[in-house]
Amino acid sequence: MAKLSSGYDMPLVGLGTWQAKPEEMEQVITTALQAGYRHIDTAFNYNNEESIGKSLKKWFAEGGKREDLFVTTKLPNFGNRPADVEKYLKLSLEKLGLDYVDMYLVHMPFSFVKDENSEAQAKDAEGSFILDVQDPVEVWKEMEKLVKSGRARSIGLSNFNIDQVQRILNNSEIKPSNLQVELHAYMQQRPLRTFCAGHSIVVTAYSPLGSPGAKQHFQAKYNYSPDKFPDLLGHPVVKKIAEEHGKTTAQILIRHAVQAGVVVIPKSSNPERIKSNVDVFEFKLTDEQMQELDGLDQAEKGRIFDFRFFKGVEEHPEYPFKNEL
Ligand code: A2P
């Protein structure tokens with residue numbers, strides 16, 4: 001468990017659900033709960049909260065306890081303005097069939113106005129959109145109210161850079177207890193992790209396996225170069241360490257993060273992979289193996305997702321990766 005500054009515990013491995021098909025979601029969640037996952041990560045715009053809610057309902061009916069679960073969801077970037085915060089959490093809670101979420105994250109530092117003519121935008125942050133400038137500090141004040149009303153136990157941020165997190169820290173009553181960012185062997189987020197450790201912010205790694213499943217989609221839809229997606233699961237160093245332990249390369253990548261205190265949310269829709277991805281607590285990487293894996297870091301060069309598939313987003317004042325472009 002990772003200890004949050006809010007006082008709650010966050011399970012170190014959660015099930016990621018981005019890019020999971022809504023129609024397979026119910027079965028995926030049931031399998032994950034049976035395999036021992038107690039942490040599920042979703043977002044309003046993953047368009048799967050309703051199916052997750054259906055599985056949870058079944059699990060509760062069979063005796064599963066709400067307090068044993070840790071559910072994270074996120075404020076969509078088209079709801080990223082003070083007046084919409086409460087509305088979107090309510091919508092998520094209704095879909096999930098829950099009275100509260102364990103973690104509510106501001107999904108991205110920048111905001112969009114939802115283009116009512118674009119169905120796709122509402123579903124998957126794709127399609128047309130209009131950039132909208134909002135003050136993240138004002139949004140955060142509304143996030144704090146959700147904690148006070150008991151509808152979010154803990155609150156945090158996602159895809160914010162150090163300066164943006166610092167600004168929230170400087171202007172808040174309730175501090176962000178979690179920051180979710182892209183983090184994997186090629187992009188280990190060392191400066192951000194050091195910063196977060198100094199402010200009691202737990203870091204969650206998305207795309208911990210390098211998001212191999214998104215490769216085709218991003219190539220087809222956004223003309224993404226296939227080189228952007230690293231083959232972490234086939235990397236010789238990861239393979240060697242996997243053989244030394246008799247584990248899969250995915251388990252090594254997940255263990256590498258967990259052993260360093262980073263929360264990981266690998267996505268899988270495959271029952272065997274769902275099971276093995278959470279089975280990383282019965283072995284330990286040696287200091288040498290940790291160092292070998294640390295050595296794969298390419299820092300900013302390893303970033304897969306820079307959000308420039310949102311056309312013109314780098315002009316937004318809250319675009320987080322300006323200095324890196
Ligand atoms: P699948 O759902 O078919 O298992 P990330 O969490 O970095 O975004 O990676 C998710 C992608 O990695 C999905 O395409 C998922 O495919 C695949 N994946 C998840 N777990 C494993 C595993 N243990 N071995 C190989 N591929 C995996």
# chains A, B, ... in the order shown; residues from 1 in each chain; ligands from 1
$ select_by_dssp --residues "segment 57-229 of chain A" --states "helix (DSSP H, G or I)" --output "short mmCIF file (atom, residue, chain, number, x, y, z; two decimals) with N, CA, C and O atoms, in the first residue's frame"
data_model
loop_
_atom_site.label_atom_id
_atom_site.label_comp_id
_atom_site.auth_asym_id
_atom_site.auth_seq_id
_atom_site.Cartn_x
_atom_site.Cartn_y
_atom_site.Cartn_z
N LYS A 57 -21.45 -3.68 -8.70
CA LYS A 57 -22.74 -3.98 -8.08
C LYS A 57 -22.86 -5.49 -7.80
O LYS A 57 -23.29 -5.90 -6.72
N LYS A 58 -22.45 -6.27 -8.80
CA LYS A 58 -22.51 -7.74 -8.63
C LYS A 58 -21.59 -8.18 -7.51
O LYS A 58 -21.93 -9.02 -6.69
N TRP A 59 -20.40 -7.58 -7.51
CA TRP A 59 -19.40 -7.95 -6.49
C TRP A 59 -19.91 -7.61 -5.09
O TRP A 59 -19.77 -8.41 -4.16
N PHE A 60 -20.55 -6.45 -4.95
CA PHE A 60 -21.11 -6.07 -3.64
C PHE A 60 -22.22 -7.05 -3.25
O PHE A 60 -22.31 -7.47 -2.10
N ALA A 61 -23.04 -7.43 -4.24
CA ALA A 61 -24.16 -8.34 -3.96
C ALA A 61 -23.64 -9.70 -3.47
O ALA A 61 -24.31 -10.40 -2.70
N ARG A 66 -17.36 -2.26 0.10
CA ARG A 66 -16.93 -0.99 -0.49
C ARG A 66 -15.61 -0.52 0.08
O ARG A 66 -14.74 -0.03 -0.63
N GLU A 67 -15.44 -0.67 1.41
CA GLU A 67 -14.23 -0.11 2.04
C GLU A 67 -12.96 -0.87 1.63
O GLU A 67 -11.86 -0.40 1.86
N ASP A 68 -13.13 -2.04 1.03
CA ASP A 68 -11.94 -2.78 0.57
C ASP A 68 -11.48 -2.32 -0.82
O ASP A 68 -10.42 -2.73 -1.29
N ASN A 77 -11.26 16.89 -19.24
CA ASN A 77 -10.75 18.23 -19.58
C ASN A 77 -11.84 19.14 -20.13
O ASN A 77 -11.73 20.36 -20.05
N PHE A 78 -12.95 18.54 -20.62
CA PHE A 78 -14.05 19.41 -21.06
C PHE A 78 -14.96 19.80 -19.89
O PHE A 78 -15.93 20.53 -20.07
N GLY A 79 -14.63 19.32 -18.67
CA GLY A 79 -15.36 19.75 -17.48
C GLY A 79 -14.43 20.46 -16.52
O GLY A 79 -14.73 20.64 -15.35
N PRO A 82 -14.34 25.58 -12.73
CA PRO A 82 -14.93 25.51 -11.38
C PRO A 82 -16.41 25.11 -11.40
O PRO A 82 -16.84 24.25 -10.62
N ALA A 83 -17.19 25.68 -12.30
CA ALA A 83 -18.64 25.45 -12.27
C ALA A 83 -19.02 24.01 -12.62
O ALA A 83 -20.15 23.60 -12.36
N ASP A 84 -18.10 23.25 -13.20
CA ASP A 84 -18.46 21.89 -13.66
C ASP A 84 -17.92 20.76 -12.79
O ASP A 84 -18.25 19.59 -13.02
N VAL A 85 -17.09 21.09 -11.82
CA VAL A 85 -16.41 20.03 -11.06
C VAL A 85 -17.41 19.10 -10.37
O VAL A 85 -17.36 17.88 -10.53
N GLU A 86 -18.31 19.71 -9.62
CA GLU A 86 -19.26 18.90 -8.86
C GLU A 86 -20.15 18.07 -9.80
O GLU A 86 -20.41 16.91 -9.56
N LYS A 87 -20.55 18.71 -10.90
CA LYS A 87 -21.44 18.04 -11.85
C LYS A 87 -20.79 16.76 -12.40
O LYS A 87 -21.41 15.70 -12.44
N TYR A 88 -19.52 16.86 -12.79
CA TYR A 88 -18.89 15.68 -13.39
C TYR A 88 -18.60 14.59 -12.37
O TYR A 88 -18.69 13.40 -12.68
N LEU A 89 -18.29 14.97 -11.14
CA LEU A 89 -18.10 13.91 -10.14
C LEU A 89 -19.43 13.19 -9.91
O LEU A 89 -19.48 11.97 -9.85
N LYS A 90 -20.50 13.96 -9.83
CA LYS A 90 -21.82 13.36 -9.62
C LYS A 90 -22.15 12.37 -10.74
O LYS A 90 -22.66 11.28 -10.50
N LEU A 91 -21.87 12.80 -11.98
CA LEU A 91 -22.14 11.92 -13.12
C LEU A 91 -21.34 10.63 -13.01
O LEU A 91 -21.84 9.53 -13.24
N SER A 92 -20.05 10.77 -12.64
CA SER A 92 -19.21 9.58 -12.50
C SER A 92 -19.73 8.67 -11.39
O SER A 92 -19.79 7.45 -11.55
N LEU A 93 -20.12 9.27 -10.27
CA LEU A 93 -20.62 8.46 -9.15
C LEU A 93 -21.89 7.70 -9.55
O LEU A 93 -22.06 6.53 -9.22
N GLU A 94 -22.76 8.38 -10.29
CA GLU A 94 -23.99 7.71 -10.74
C GLU A 94 -23.66 6.52 -11.61
O GLU A 94 -24.22 5.44 -11.47
N LYS A 95 -22.74 6.73 -12.56
CA LYS A 95 -22.40 5.63 -13.47
C LYS A 95 -21.72 4.49 -12.72
O LYS A 95 -21.97 3.32 -12.99
N LEU A 96 -20.86 4.83 -11.79
CA LEU A 96 -20.14 3.80 -11.04
C LEU A 96 -21.02 3.15 -9.98
O LEU A 96 -20.68 2.09 -9.44
N GLU A 119 -19.84 14.14 -30.95
CA GLU A 119 -20.10 13.01 -30.06
C GLU A 119 -18.78 12.41 -29.58
O GLU A 119 -18.61 12.05 -28.43
N ALA A 120 -17.83 12.32 -30.52
CA ALA A 120 -16.55 11.67 -30.21
C ALA A 120 -15.85 12.38 -29.07
O ALA A 120 -15.26 11.75 -28.20
N GLN A 121 -15.91 13.69 -29.06
CA GLN A 121 -15.23 14.45 -28.03
C GLN A 121 -15.72 14.05 -26.63
O GLN A 121 -14.93 13.85 -25.72
N ALA A 122 -17.04 13.88 -26.53
CA ALA A 122 -17.58 13.53 -25.22
C ALA A 122 -17.11 12.14 -24.80
O ALA A 122 -16.97 11.85 -23.63
N LYS A 123 -16.85 11.30 -25.76
CA LYS A 123 -16.54 9.91 -25.43
C LYS A 123 -15.07 9.69 -25.14
O LYS A 123 -14.70 9.00 -24.24
N ASP A 124 -14.22 10.24 -25.94
CA ASP A 124 -12.82 9.81 -25.86
C ASP A 124 -11.84 10.95 -26.05
O ASP A 124 -10.71 10.74 -26.47
N PRO A 136 -6.45 26.74 -12.81
CA PRO A 136 -6.44 25.46 -12.08
C PRO A 136 -6.60 25.63 -10.57
O PRO A 136 -7.15 24.74 -9.91
N VAL A 137 -6.18 26.76 -10.03
CA VAL A 137 -6.33 26.98 -8.58
C VAL A 137 -7.82 27.08 -8.22
O VAL A 137 -8.28 26.54 -7.21
N GLU A 138 -8.60 27.74 -9.08
CA GLU A 138 -10.04 27.86 -8.83
C GLU A 138 -10.73 26.50 -8.97
O GLU A 138 -11.66 26.18 -8.24
N VAL A 139 -10.26 25.71 -9.93
CA VAL A 139 -10.80 24.35 -10.09
C VAL A 139 -10.49 23.55 -8.83
O VAL A 139 -11.35 22.83 -8.28
N TRP A 140 -9.26 23.70 -8.34
CA TRP A 140 -8.85 22.95 -7.15
C TRP A 140 -9.72 23.28 -5.94
O TRP A 140 -10.05 22.40 -5.13
N LYS A 141 -10.13 24.55 -5.81
CA LYS A 141 -10.99 24.92 -4.68
C LYS A 141 -12.28 24.11 -4.69
O LYS A 141 -12.83 23.75 -3.65
N GLU A 142 -12.78 23.84 -5.89
CA GLU A 142 -14.00 23.01 -6.02
C GLU A 142 -13.69 21.56 -5.69
O GLU A 142 -14.53 20.84 -5.14
N MET A 143 -12.50 21.11 -6.05
CA MET A 143 -12.08 19.74 -5.71
C MET A 143 -12.07 19.58 -4.18
O MET A 143 -12.51 18.56 -3.64
N GLU A 144 -11.58 20.58 -3.48
CA GLU A 144 -11.51 20.52 -2.02
C GLU A 144 -12.91 20.37 -1.42
O GLU A 144 -13.11 19.64 -0.45
N LYS A 145 -13.88 21.02 -2.05
CA LYS A 145 -15.26 20.92 -1.54
C LYS A 145 -15.78 19.48 -1.62
O LYS A 145 -16.59 19.05 -0.81
N LEU A 146 -15.29 18.73 -2.62
CA LEU A 146 -15.74 17.34 -2.78
C LEU A 146 -15.25 16.48 -1.62
O LEU A 146 -15.91 15.53 -1.21
N VAL A 147 -14.07 16.81 -1.11
CA VAL A 147 -13.55 16.08 0.05
C VAL A 147 -14.41 16.43 1.26
O VAL A 147 -14.82 15.56 2.03
N LYS A 148 -14.70 17.72 1.39
CA LYS A 148 -15.47 18.16 2.56
C LYS A 148 -16.88 17.56 2.57
O LYS A 148 -17.44 17.28 3.62
N ILE A 162 5.84 20.03 -12.68
CA ILE A 162 6.25 20.44 -11.33
C ILE A 162 5.73 21.83 -10.98
O ILE A 162 5.16 22.04 -9.89
N ASP A 163 5.89 22.80 -11.88
CA ASP A 163 5.45 24.17 -11.57
C ASP A 163 3.94 24.22 -11.33
O ASP A 163 3.46 24.96 -10.46
N GLN A 164 3.22 23.45 -12.12
CA GLN A 164 1.76 23.45 -11.97
C GLN A 164 1.34 22.82 -10.64
O GLN A 164 0.41 23.30 -10.00
N VAL A 165 2.02 21.75 -10.24
CA VAL A 165 1.70 21.14 -8.95
C VAL A 165 2.06 22.10 -7.83
O VAL A 165 1.31 22.30 -6.87
N GLN A 166 3.22 22.75 -7.98
CA GLN A 166 3.68 23.70 -6.95
C GLN A 166 2.65 24.80 -6.74
O GLN A 166 2.38 25.21 -5.62
N ARG A 167 2.08 25.26 -7.82
CA ARG A 167 1.10 26.34 -7.72
C ARG A 167 -0.13 25.89 -6.93
O ARG A 167 -0.68 26.64 -6.12
N ILE A 168 -0.54 24.65 -7.16
CA ILE A 168 -1.67 24.12 -6.38
C ILE A 168 -1.26 23.99 -4.91
O ILE A 168 -2.01 24.37 -4.01
N LEU A 169 -0.05 23.50 -4.67
CA LEU A 169 0.41 23.35 -3.28
C LEU A 169 0.40 24.71 -2.56
O LEU A 169 0.02 24.81 -1.39
N ASN A 170 0.83 25.74 -3.29
CA ASN A 170 0.92 27.08 -2.68
C ASN A 170 -0.43 27.70 -2.40
O ASN A 170 -0.51 28.68 -1.66
N ARG A 190 12.23 11.07 -13.04
CA ARG A 190 13.05 11.26 -11.83
C ARG A 190 12.84 12.62 -11.17
O ARG A 190 12.61 12.67 -9.96
N PRO A 191 12.92 13.76 -11.91
CA PRO A 191 12.75 15.05 -11.23
C PRO A 191 11.37 15.18 -10.56
O PRO A 191 11.26 15.62 -9.42
N LEU A 192 10.35 14.74 -11.29
CA LEU A 192 8.99 14.83 -10.76
C LEU A 192 8.83 13.95 -9.51
O LEU A 192 8.19 14.34 -8.53
N ARG A 193 9.44 12.77 -9.53
CA ARG A 193 9.33 11.86 -8.39
C ARG A 193 10.03 12.43 -7.16
O ARG A 193 9.53 12.31 -6.04
N THR A 194 11.18 13.06 -7.37
CA THR A 194 11.89 13.66 -6.24
C THR A 194 11.05 14.79 -5.66
O THR A 194 10.89 14.91 -4.45
N PHE A 195 10.49 15.60 -6.56
CA PHE A 195 9.63 16.70 -6.12
C PHE A 195 8.44 16.16 -5.32
O PHE A 195 8.13 16.65 -4.23
N CYS A 196 7.78 15.15 -5.86
CA CYS A 196 6.58 14.60 -5.19
C CYS A 196 6.95 14.00 -3.84
O CYS A 196 6.20 14.17 -2.86
N ALA A 197 8.08 13.31 -3.78
CA ALA A 197 8.49 12.71 -2.50
C ALA A 197 8.66 13.81 -1.45
O ALA A 197 8.29 13.62 -0.28
N GLY A 198 9.14 14.95 -1.87
CA GLY A 198 9.34 16.07 -0.94
C GLY A 198 8.04 16.72 -0.49
O GLY A 198 8.03 17.53 0.44
N PRO A 212 1.60 -0.69 -25.37
CA PRO A 212 1.69 -1.31 -26.70
C PRO A 212 0.36 -1.36 -27.44
O PRO A 212 0.32 -1.29 -28.66
N GLY A 213 -0.74 -1.44 -26.67
CA GLY A 213 -2.05 -1.56 -27.29
C GLY A 213 -2.52 -0.30 -27.99
O GLY A 213 -3.42 -0.33 -28.83
N ALA A 214 -1.91 0.85 -27.63
CA ALA A 214 -2.36 2.12 -28.21
C ALA A 214 -1.63 2.41 -29.52
O ALA A 214 -2.00 3.33 -30.26
N LYS A 215 -0.59 1.61 -29.80
CA LYS A 215 0.30 1.92 -30.94
C LYS A 215 -0.46 2.04 -32.27
O LYS A 215 -0.39 3.07 -32.93
N GLN A 216 -1.21 1.01 -32.59
CA GLN A 216 -1.91 0.99 -33.88
C GLN A 216 -2.91 2.13 -33.99
O GLN A 216 -2.98 2.82 -35.00
N HIS A 217 -3.66 2.30 -32.91
CA HIS A 217 -4.70 3.32 -32.88
C HIS A 217 -4.08 4.71 -33.09
O HIS A 217 -4.58 5.51 -33.87
N PHE A 218 -3.00 4.98 -32.42
CA PHE A 218 -2.36 6.29 -32.51
C PHE A 218 -1.69 6.49 -33.87
O PHE A 218 -1.62 7.60 -34.38
N GLN A 219 -1.19 5.39 -34.43
CA GLN A 219 -0.61 5.48 -35.77
C GLN A 219 -1.68 5.83 -36.78
O GLN A 219 -1.52 6.74 -37.59
N ALA A 220 -2.79 5.10 -36.69
CA ALA A 220 -3.86 5.27 -37.67
C ALA A 220 -4.54 6.63 -37.50
O ALA A 220 -4.80 7.34 -38.46
N LYS A 221 -4.81 6.98 -36.25
CA LYS A 221 -5.65 8.14 -36.00
C LYS A 221 -4.85 9.45 -35.99
O LYS A 221 -5.32 10.48 -36.44
N TYR A 222 -3.65 9.41 -35.42
CA TYR A 222 -2.91 10.66 -35.23
C TYR A 222 -1.58 10.68 -35.97
O TYR A 222 -0.73 11.54 -35.69
N PRO A 226 5.58 4.97 -35.22
CA PRO A 226 5.62 3.75 -34.40
C PRO A 226 6.82 3.75 -33.45
O PRO A 226 6.79 3.09 -32.40
N ASP A 227 7.87 4.53 -33.77
CA ASP A 227 9.05 4.58 -32.89
C ASP A 227 8.73 5.22 -31.53
O ASP A 227 9.49 5.09 -30.58
N LYS A 228 7.62 5.96 -31.48
CA LYS A 228 7.24 6.60 -30.22
C LYS A 228 6.93 5.56 -29.15
O LYS A 228 7.05 5.82 -27.96
#
$ closest_atom_pairs --of "segment 142-251 of chain A" --to "segment 29-45 of chain A" --cutoff "12 Å" --atoms "only C-alpha atoms" --output "CSV"
residue,atom,partner,partner_atom,distance
A:Ser158,CA,A:Ala43,CA,11.1
A:Gln180,CA,A:Asp41,CA,10.5
A:Thr204,CA,A:Asp41,CA,10.3
A:Ala205,CA,A:Asp41,CA,11.2
A:Tyr206,CA,A:Asp41,CA,9.8
$ residues_near_ligand --ligand "ligand 1" --cutoff "8 Å" --atoms "only C-alpha atoms and all ligand atoms" --output "PyMOL selection string"
chain A and resi 16+18-20+184+206-214+233+248-251+265-274+276-277
$ write_last_selection --atoms "N, CA and C atoms" --output "PDB file, in the first residue's frame"
ATOM      1  N   GLY A  16      -5.644  -0.643 -14.830  1.00  0.00           N
ATOM      2  CA  GLY A  16      -5.866   0.471 -15.750  1.00  0.00           C
ATOM      3  C   GLY A  16      -6.978   0.104 -16.720  1.00  0.00           C
ATOM      4  N   TRP A  18      -7.968   2.462 -19.442  1.00  0.00           N
ATOM      5  CA  TRP A  18      -7.950   3.260 -20.675  1.00  0.00           C
ATOM      6  C   TRP A  18      -7.748   2.314 -21.857  1.00  0.00           C
ATOM      7  N   GLN A  19      -8.552   2.502 -22.894  1.00  0.00           N
ATOM      8  CA  GLN A  19      -8.461   1.695 -24.104  1.00  0.00           C
ATOM      9  C   GLN A  19      -9.094   0.307 -23.957  1.00  0.00           C
ATOM     10  N   ALA A  20      -9.676   0.042 -22.783  1.00  0.00           N
ATOM     11  CA  ALA A  20     -10.410  -1.220 -22.667  1.00  0.00           C
ATOM     12  C   ALA A  20     -11.766  -1.013 -23.329  1.00  0.00           C
ATOM     13  N   HIS A 184       7.331   4.945 -17.187  1.00  0.00           N
ATOM     14  CA  HIS A 184       7.737   3.579 -17.542  1.00  0.00           C
ATOM     15  C   HIS A 184       9.248   3.550 -17.644  1.00  0.00           C
ATOM     16  N   TYR A 206       1.054   5.809 -15.295  1.00  0.00           N
ATOM     17  CA  TYR A 206       0.219   5.249 -16.376  1.00  0.00           C
ATOM     18  C   TYR A 206       1.105   4.848 -17.535  1.00  0.00           C
ATOM     19  N   SER A 207       0.592   3.967 -18.361  1.00  0.00           N
ATOM     20  CA  SER A 207       1.376   3.352 -19.446  1.00  0.00           C
ATOM     21  C   SER A 207       2.659   2.688 -18.940  1.00  0.00           C
ATOM     22  N   PRO A 208       2.582   1.924 -17.845  1.00  0.00           N
ATOM     23  CA  PRO A 208       3.801   1.341 -17.268  1.00  0.00           C
ATOM     24  C   PRO A 208       4.456   0.303 -18.173  1.00  0.00           C
ATOM     25  N   LEU A 209       3.680  -0.231 -19.126  1.00  0.00           N
ATOM     26  CA  LEU A 209       4.254  -1.223 -20.047  1.00  0.00           C
ATOM     27  C   LEU A 209       4.576  -0.573 -21.390  1.00  0.00           C
ATOM     28  N   GLY A 210       4.416   0.723 -21.465  1.00  0.00           N
ATOM     29  CA  GLY A 210       4.691   1.435 -22.717  1.00  0.00           C
ATOM     30  C   GLY A 210       3.495   1.466 -23.658  1.00  0.00           C
ATOM     31  N   SER A 211       2.308   1.139 -23.117  1.00  0.00           N
ATOM     32  CA  SER A 211       1.063   1.209 -23.898  1.00  0.00           C
ATOM     33  C   SER A 211       1.134   0.564 -25.283  1.00  0.00           C
ATOM     34  N   PRO A 212       1.600  -0.690 -25.368  1.00  0.00           N
ATOM     35  CA  PRO A 212       1.694  -1.307 -26.701  1.00  0.00           C
ATOM     36  C   PRO A 212       0.356  -1.363 -27.438  1.00  0.00           C
ATOM     37  N   GLY A 213      -0.738  -1.439 -26.667  1.00  0.00           N
ATOM     38  CA  GLY A 213      -2.055  -1.562 -27.294  1.00  0.00           C
ATOM     39  C   GLY A 213      -2.518  -0.296 -27.989  1.00  0.00           C
ATOM     40  N   ALA A 214      -1.910   0.848 -27.632  1.00  0.00           N
ATOM     41  CA  ALA A 214      -2.357   2.116 -28.215  1.00  0.00           C
ATOM     42  C   ALA A 214      -1.632   2.412 -29.523  1.00  0.00           C
ATOM     43  N   LEU A 233       8.365  -4.559 -23.333  1.00  0.00           N
ATOM     44  CA  LEU A 233       8.116  -5.964 -22.983  1.00  0.00           C
ATOM     45  C   LEU A 233       9.115  -6.898 -23.666  1.00  0.00           C
ATOM     46  N   THR A 248       7.360 -12.926 -16.048  1.00  0.00           N
ATOM     47  CA  THR A 248       7.165 -12.309 -17.365  1.00  0.00           C
ATOM     48  C   THR A 248       7.843 -10.930 -17.363  1.00  0.00           C
ATOM     49  N   THR A 249       8.089 -10.425 -18.562  1.00  0.00           N
ATOM     50  CA  THR A 249       8.711  -9.093 -18.635  1.00  0.00           C
ATOM     51  C   THR A 249       7.764  -8.033 -18.066  1.00  0.00           C
ATOM     52  N   ALA A 250       6.468  -8.237 -18.246  1.00  0.00           N
ATOM     53  CA  ALA A 250       5.503  -7.270 -17.672  1.00  0.00           C
ATOM     54  C   ALA A 250       5.633  -7.249 -16.152  1.00  0.00           C
ATOM     55  N   GLN A 251       5.773  -8.429 -15.550  1.00  0.00           N
ATOM     56  CA  GLN A 251       5.903  -8.475 -14.086  1.00  0.00           C
ATOM     57  C   GLN A 251       7.171  -7.748 -13.625  1.00  0.00           C
ATOM     58  N   ILE A 265      -0.637   1.144 -12.786  1.00  0.00           N
ATOM     59  CA  ILE A 265      -1.991   0.755 -13.222  1.00  0.00           C
ATOM     60  C   ILE A 265      -1.951   0.138 -14.630  1.00  0.00           C
ATOM     61  N   PRO A 266      -1.318  -1.045 -14.762  1.00  0.00           N
ATOM     62  CA  PRO A 266      -1.291  -1.685 -16.078  1.00  0.00           C
ATOM     63  C   PRO A 266      -2.705  -2.033 -16.546  1.00  0.00           C
ATOM     64  N   LYS A 267      -2.942  -1.802 -17.816  1.00  0.00           N
ATOM     65  CA  LYS A 267      -4.240  -2.176 -18.401  1.00  0.00           C
ATOM     66  C   LYS A 267      -4.115  -3.557 -19.035  1.00  0.00           C
ATOM     67  N   SER A 268      -5.064  -4.405 -18.770  1.00  0.00           N
ATOM     68  CA  SER A 268      -5.167  -5.624 -19.564  1.00  0.00           C
ATOM     69  C   SER A 268      -6.621  -6.051 -19.617  1.00  0.00           C
ATOM     70  N   SER A 269      -6.989  -6.655 -20.737  1.00  0.00           N
ATOM     71  CA  SER A 269      -8.335  -7.211 -20.857  1.00  0.00           C
ATOM     72  C   SER A 269      -8.258  -8.732 -20.944  1.00  0.00           C
ATOM     73  N   ASN A 270      -7.053  -9.259 -20.802  1.00  0.00           N
ATOM     74  CA  ASN A 270      -6.859 -10.696 -20.958  1.00  0.00           C
ATOM     75  C   ASN A 270      -6.752 -11.347 -19.565  1.00  0.00           C
ATOM     76  N   PRO A 271      -7.586 -12.369 -19.282  1.00  0.00           N
ATOM     77  CA  PRO A 271      -7.625 -12.931 -17.922  1.00  0.00           C
ATOM     78  C   PRO A 271      -6.256 -13.352 -17.386  1.00  0.00           C
ATOM     79  N   GLU A 272      -5.463 -14.036 -18.202  1.00  0.00           N
ATOM     80  CA  GLU A 272      -4.159 -14.505 -17.713  1.00  0.00           C
ATOM     81  C   GLU A 272      -3.242 -13.331 -17.390  1.00  0.00           C
ATOM     82  N   ARG A 273      -3.266 -12.327 -18.272  1.00  0.00           N
ATOM     83  CA  ARG A 273      -2.388 -11.176 -18.052  1.00  0.00           C
ATOM     84  C   ARG A 273      -2.882 -10.311 -16.876  1.00  0.00           C
ATOM     85  N   ILE A 274      -4.192 -10.225 -16.740  1.00  0.00           N
ATOM     86  CA  ILE A 274      -4.753  -9.500 -15.591  1.00  0.00           C
ATOM     87  C   ILE A 274      -4.213 -10.136 -14.307  1.00  0.00           C
ATOM     88  N   SER A 276      -1.527 -12.189 -13.863  1.00  0.00           N
ATOM     89  CA  SER A 276      -0.071 -12.159 -13.624  1.00  0.00           C
ATOM     90  C   SER A 276       0.413 -10.739 -13.316  1.00  0.00           C
ATOM     91  N   ASN A 277      -0.242  -9.734 -13.863  1.00  0.00           N
ATOM     92  CA  ASN A 277       0.220  -8.349 -13.621  1.00  0.00           C
ATOM     93  C   ASN A 277       0.134  -7.932 -12.148  1.00  0.00           C
TER      94      ASN A 277
END
$ closest_residue --among "A:Gly64, A:Thr286, A:Val13, A:Thr73" --to "Asn48 of chain A" --atoms "only C-alpha atoms"
A:Thr73
$ closest_residue --among "A:Val202, A:Ala257, A:Leu157, A:Val113" --to "Lys3 of chain A" --atoms "only C-alpha atoms"
A:Val202
$ residues_around --residues "Val101 of chain A" --least-positions-apart "2" --cutoff "7 Å" --atoms "only C-alpha atoms" --output "ChimeraX atom specification"
/A:71-72,103-104,151-153
$ write_last_selection --atoms "C-alpha atoms" --output "PDB file, in the first residue's frame"
ATOM      1  CA  VAL A  71     -11.662   3.528  -7.099  1.00  0.00           C
ATOM      2  CA  THR A  72     -10.070   6.434  -8.950  1.00  0.00           C
ATOM      3  CA  MET A 103      -9.471   9.374  -5.533  1.00  0.00           C
ATOM      4  CA  TYR A 104     -10.677  12.145  -7.816  1.00  0.00           C
ATOM      5  CA  ARG A 151     -17.853  12.433  -2.164  1.00  0.00           C
ATOM      6  CA  ALA A 152     -14.118  12.104  -2.781  1.00  0.00           C
ATOM      7  CA  ARG A 153     -11.920  10.721  -0.020  1.00  0.00           C
TER       8      ARG A 153
END
$ closest_atom_pairs --of "segment 132-249 of chain A" --to "segment 293-306 of chain A" --cutoff "6 Å" --atoms "only C-alpha atoms" --output "tab-separated table"
residue	atom	partner	partner_atom	distance
A:Ala185	CA	A:Asp297	CA	5.6
A:Tyr186	CA	A:Asp297	CA	4.4
A:Met187	CA	A:Ala299	CA	4.7
A:Gln188	CA	A:Asp297	CA	5.7
A:Lys228	CA	A:Ile304	CA	5.5
$ write_last_selection --atoms "all heavy atoms" --output "short mmCIF file (atom, residue, chain, number, x, y, z; two decimals), in the first residue's frame"
data_model
loop_
_atom_site.label_atom_id
_atom_site.label_comp_id
_atom_site.auth_asym_id
_atom_site.auth_seq_id
_atom_site.Cartn_x
_atom_site.Cartn_y
_atom_site.Cartn_z
N ALA A 185 9.80 2.41 -18.02
CA ALA A 185 11.27 2.25 -17.98
C ALA A 185 12.01 3.29 -18.82
O ALA A 185 13.11 3.71 -18.46
CB ALA A 185 11.64 0.84 -18.45
N TYR A 186 11.41 3.72 -19.92
CA TYR A 186 12.07 4.72 -20.76
C TYR A 186 11.78 6.15 -20.32
O TYR A 186 12.38 7.09 -20.81
CB TYR A 186 11.61 4.57 -22.22
CG TYR A 186 12.38 3.54 -23.00
CD1 TYR A 186 13.34 2.72 -22.40
CD2 TYR A 186 12.16 3.37 -24.37
CE1 TYR A 186 14.03 1.76 -23.13
CE2 TYR A 186 12.86 2.42 -25.11
CZ TYR A 186 13.78 1.62 -24.47
OH TYR A 186 14.47 0.68 -25.20
N MET A 187 10.82 6.33 -19.43
CA MET A 187 10.52 7.68 -18.96
C MET A 187 10.21 7.61 -17.47
O MET A 187 9.06 7.50 -17.06
CB MET A 187 9.31 8.23 -19.73
CG MET A 187 9.40 9.71 -19.90
SD MET A 187 7.92 10.53 -19.41
CE MET A 187 8.52 12.19 -19.51
N GLN A 188 11.25 7.66 -16.68
CA GLN A 188 11.10 7.31 -15.26
C GLN A 188 10.74 8.50 -14.38
O GLN A 188 10.57 8.35 -13.18
CB GLN A 188 12.35 6.58 -14.79
CG GLN A 188 12.53 5.26 -15.55
CD GLN A 188 13.59 4.34 -14.97
OE1 GLN A 188 13.96 4.43 -13.81
NE2 GLN A 188 14.09 3.44 -15.81
N LYS A 228 7.62 5.96 -31.48
CA LYS A 228 7.24 6.60 -30.22
C LYS A 228 6.93 5.56 -29.15
O LYS A 228 7.05 5.82 -27.96
CB LYS A 228 5.97 7.44 -30.43
CG LYS A 228 6.25 8.81 -31.01
CD LYS A 228 6.01 9.83 -29.92
CE LYS A 228 6.00 11.24 -30.44
NZ LYS A 228 6.27 12.16 -29.32
#
